[in-house]
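Novice: Sharing input_32.txt below, compact mmCIF, C-alpha atoms:
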# COMPACT_ATOMS: atom_id res chain seq x y z
CA GLU G 248 14.75 4.57 10.42
CA PRO G 249 12.24 2.93 8.06
CA ASP G 250 11.11 -0.60 8.84
CA LEU G 251 11.35 -1.50 5.15
CA THR G 252 13.80 0.05 2.73
CA ASN G 253 14.34 -0.10 -1.00
CA MET G 254 10.82 -1.21 -1.68
CA PRO G 255 9.82 -0.85 -5.32
CA ALA G 256 7.54 1.96 -4.12
CA GLY G 257 9.87 3.47 -1.50
CA ASN G 258 10.32 3.05 2.23
CA VAL G 259 7.77 2.19 4.91
CA HIS G 260 7.70 3.13 8.58
CA TYR G 261 5.44 1.03 10.80
CA LEU G 262 3.92 3.74 12.99
CA ALA G 263 1.27 1.47 14.54
CA SER G 264 1.14 -2.16 13.47
CA SER G 265 -1.96 -4.31 13.69
CA GLU G 266 -0.28 -6.23 16.48
CA SER G 267 0.48 -3.10 18.51
CA THR G 268 -3.13 -1.86 18.25
CA GLY G 269 -4.78 -5.19 19.05
CA GLY G 270 -6.03 -5.43 15.47
CA LEU G 271 -7.97 -2.15 15.60
CA PHE G 272 -5.91 -0.37 12.93
CA GLY G 273 -2.55 -0.20 11.19
CA LEU G 274 -0.83 3.11 10.42
CA TYR G 275 2.15 3.40 8.09
CA ARG G 276 4.22 6.23 6.63
CA TRP G 277 4.99 5.52 2.98
CA THR G 278 7.91 7.46 1.49
CA PHE G 279 8.20 7.34 -2.29
CA GLY G 280 11.44 7.84 -4.14
CA PRO G 281 11.39 9.79 -7.40
CA LYS G 282 10.95 6.67 -9.56
CA ARG G 283 7.39 5.92 -10.77
CA SER G 284 5.90 3.34 -8.43
CA GLY G 285 2.78 2.14 -6.66
CA PRO G 286 0.00 -0.44 -7.04
CA ASP G 287 -2.55 -0.55 -9.82
CA PRO G 288 -6.29 -0.49 -9.01
CA HIS G 289 -7.36 -3.12 -6.49
CA PHE G 290 -9.71 -3.55 -3.56
CA HIS G 291 -9.95 -5.22 -0.17
CA ARG G 292 -13.13 -7.03 0.81
CA THR G 293 -12.71 -6.58 4.57
CA ILE G 294 -10.37 -3.61 5.00
CA ALA G 295 -10.99 0.14 4.75
CA GLU G 296 -7.94 2.13 3.66
CA SER G 297 -7.25 5.84 4.03
CA PHE G 298 -4.55 8.00 2.48
CA TYR G 299 -3.26 11.33 3.79
CA VAL G 300 -0.59 13.04 1.67
CA LEU G 301 2.20 14.56 3.74
CA ASP G 302 4.34 16.07 0.98
CA GLY G 303 4.97 15.93 -2.72
CA VAL G 304 2.43 14.75 -5.28
CA VAL G 305 0.80 11.32 -5.01
CA THR G 306 -1.57 10.18 -7.74
CA LEU G 307 -4.55 8.38 -6.18
CA TYR G 308 -7.16 6.25 -7.93
CA ASP G 309 -10.51 7.01 -6.33
CA GLY G 310 -12.52 4.26 -8.03
CA ASP G 311 -13.34 6.42 -11.05
CA ARG G 312 -10.17 8.22 -12.06
CA TRP G 313 -6.58 9.03 -11.15
CA VAL G 314 -6.24 12.37 -9.34
CA GLU G 315 -3.16 14.27 -8.21
CA ALA G 316 -3.12 14.74 -4.45
CA THR G 317 -0.81 17.09 -2.55
CA ALA G 318 0.00 17.84 1.09
CA GLY G 319 -3.15 17.79 3.20
CA ASP G 320 -5.29 15.83 0.71
CA PHE G 321 -7.17 12.83 2.11
CA LEU G 322 -8.92 9.85 0.50
CA TYR G 323 -11.03 7.30 2.38
CA VAL G 324 -11.73 3.97 0.67
CA PRO G 325 -14.38 1.71 2.27
CA PRO G 326 -14.14 -2.08 2.08
CA GLY G 327 -14.76 -3.10 -1.53
CA GLY G 328 -13.73 0.33 -2.86
CA ILE G 329 -11.43 0.19 -5.86
CA HIS G 330 -8.29 2.27 -5.34
CA GLY G 331 -4.61 2.58 -6.17
CA PHE G 332 -1.74 4.99 -5.59
CA ARG G 333 1.37 6.06 -7.45
CA ASN G 334 4.18 8.50 -7.49
CA GLU G 335 4.42 9.68 -11.08
CA SER G 336 5.91 13.11 -10.37
CA GLY G 337 9.61 12.28 -10.66
CA GLU G 338 10.05 13.80 -7.18
CA ALA G 339 9.99 12.32 -3.69
CA ALA G 340 6.64 12.21 -1.89
CA SER G 341 5.19 10.76 1.31
CA MET G 342 1.82 9.83 2.76
CA LEU G 343 0.16 8.07 5.64
CA LEU G 344 -1.74 4.82 5.03
CA LEU G 345 -4.36 3.76 7.55
CA PHE G 346 -5.94 0.29 7.46
CA THR G 347 -9.03 -0.46 9.55
CA PRO G 348 -9.41 -2.93 11.02
CA GLY G 349 -5.72 -3.54 11.46
CA ALA G 350 -5.03 -6.21 8.88
CA PRO G 351 -1.53 -7.67 9.24
CA ARG G 352 -0.07 -5.71 6.31
CA GLU G 353 3.52 -6.06 7.57
CA GLU G 354 3.86 -9.62 6.24
CA TYR G 355 2.39 -8.50 2.91
CA PHE G 356 4.83 -5.57 2.57
CA GLU G 357 7.81 -7.64 3.76
CA THR G 358 7.09 -10.43 1.27
CA LEU G 359 6.85 -7.94 -1.60
CA VAL G 360 10.23 -6.46 -0.59
CA ALA G 361 11.83 -9.91 -0.37
CA LEU G 362 10.52 -10.76 -3.84
CA ALA G 363 11.69 -7.44 -5.33
CA GLN G 364 15.15 -7.81 -3.82
CA GLY G 365 15.51 -11.44 -4.92
CA GLU G 366 15.64 -12.67 -1.33
CA ARG G 367 13.03 -15.31 -2.04
CA PRO G 368 12.17 -17.23 -5.20
CA PRO G 369 9.40 -15.88 -7.42
CA MET G 370 5.92 -17.17 -6.68
CA THR G 371 4.12 -19.49 -9.04
CA PRO G 372 0.79 -18.10 -10.30
CA GLU G 373 -1.01 -20.35 -7.81
CA GLU G 374 1.21 -19.17 -4.92
CA ARG G 375 0.64 -15.54 -5.92
CA ASP G 376 -3.14 -16.04 -6.05
CA GLY G 377 -3.07 -17.65 -2.60
CA PHE G 378 -0.85 -14.89 -1.20
CA MET G 379 -3.14 -12.15 -2.53
CA LEU G 380 -6.25 -13.94 -1.23
CA LYS G 381 -4.63 -14.37 2.22
CA HIS G 382 -3.89 -10.64 2.33
CA ASP G 383 -7.26 -9.55 0.91
CA ASN G 384 -5.76 -7.94 -2.20
CA ILE G 385 -8.05 -8.28 -5.23
CA TRP G 386 -6.66 -6.81 -8.46
CA VAL G 387 -9.01 -5.37 -11.08
Represent the structure contained in this file as C-alpha cells.
Specialist:
Amino acid sequence: EPDLTNMPAGNVHYLASSESTGGLFGLYRWTFGPKRSGPDPHFHRTIAESFYVLDGVVTLYDGDRWVEATAGDFLYVPPGGIHGFRNESGEAASMLLLFTPGAPREEYFETLVALAQGERPPMTPEERDGFMLKHDNIWV
C-alpha cells in the first residue's frame, strides 16, 4: 500500500526513507494518476535528485526544456540543478525518485498532502516561504 494517497500528483511509496538509510539517501516510488500534476521548475541547494521512469510517460524538466520520458529513461539533477516533473499524458505513470543525501522528504510530502486535503489550514506567505526554505525547495 502507498504511504501517501490522493496526493495532487498521485501516490507515494516510501521505499527507503532518509531515517532508514541513516541519511544517506531517500528512495520513493511516485505513481501518477491520469490528471495533469507535478511541480514546476525548482532546485535544491544541498540535494541531488534522480528520476527513473518505470512506466507511462513522465514529462521532465532538465534545466533547459521539458522532455517526455518513458520506461527506462533516467535523469540525474545535481544540487542547484533546475528541474521539474509532470504527468501530462492523461494516463497513469510511475517513476522512482532518489534524493542524495537523504533529505527528510517525508515531512515535506505529508504536509503537501495535508494541505491539499484540507487537513491543515493554508499557510500564510511567510509560513510557506519558511516551509520551502526548511525543505530546500527553491522555486524559479
Novice: Pick out the residues sitting within 9 Å of Phe279 of chain G, and hand them over as a ChimeraX atom specification; count all atoms listed in the file, and ignore anything fewer than 4 positions along from it in its own chain.
Specialist: /G:254-259,283-285,305,333-334,338-342
Novice: What's the separation between atom CA of Gly349 of chain G and atom CA of Gly273 of chain G, in Å to one decimal place?
Specialist: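 Computing the Euclidean distance for atom CA of Gly349 of chain G and atom CA of Gly273 of chain G yields 4.6 Å.
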Novice: Point out the residue among G:Asp309, G:Glu366, G:Glu373, G:Glu354 with the least atom-to-atom distance to Ser264 of chain G, counting all atoms listed in the file.
Specialist: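 When distances to Ser264 of chain G are compared using all atoms listed in the file, the smallest one comes from G:Glu354.
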Novice: List the neighbours of Phe290 of chain G out to 12 Å using all atoms listed in the file; skip same-chain residues closer than 3 positions along the sequence, and give me the result as a list in words.
Specialist: Pro286, Asp287, Thr293, Ile294, Ala295, Glu296, Tyr308, Asp309, Gly310, Val324, Pro325, Pro326, Gly327, Gly328, Ile329, His330, Gly331, Phe332, Met379, Leu380, His382, Asp383, Asn384, Ile385, Trp386 and Val387 of chain G
Novice: Just how far from atom CA of Tyr275 of chain G is atom CA of Thr306 of chain G, in Å to one decimal?
Specialist: 17.6 Å
Novice: What separation in Å, quoted to one decimal, exists between atom CA of Ala318 of chain G and atom CA of Ser297 of chain G?
Specialist: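 Separation of atom CA of Ala318 of chain G and atom CA of Ser297 of chain G: 14.3 Å.
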Novice: Could you check which of G:His291, G:His260, G:Phe378, G:Pro372 is closest to Thr358 of chain G, using all atoms listed in the file?
Specialist: G:Phe378
Novice: From the set G:Ser265, G:Gly337, G:Leu251, G:Thr347, which residue has the shortest atom-to-atom contact distance to Phe298 of chain G, counting only C-alpha atoms?
Specialist: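 Distance minimum relative to Phe298 of chain G lands on G:Thr347.
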Novice: Which one is closest to Lys381 of chain G: G:Leu343, G:Ala350, G:Ala263, G:Ala316? Count all atoms listed in the file.
Specialist: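 Closest to Lys381 of chain G of all the choices is G:Ala350.
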Novice: Using only C-alpha atoms, which of G:Phe272, G:Gly365, G:Tyr355, G:Glu248 sits nearest Gly377 of chain G?
Specialist: G:Tyr355
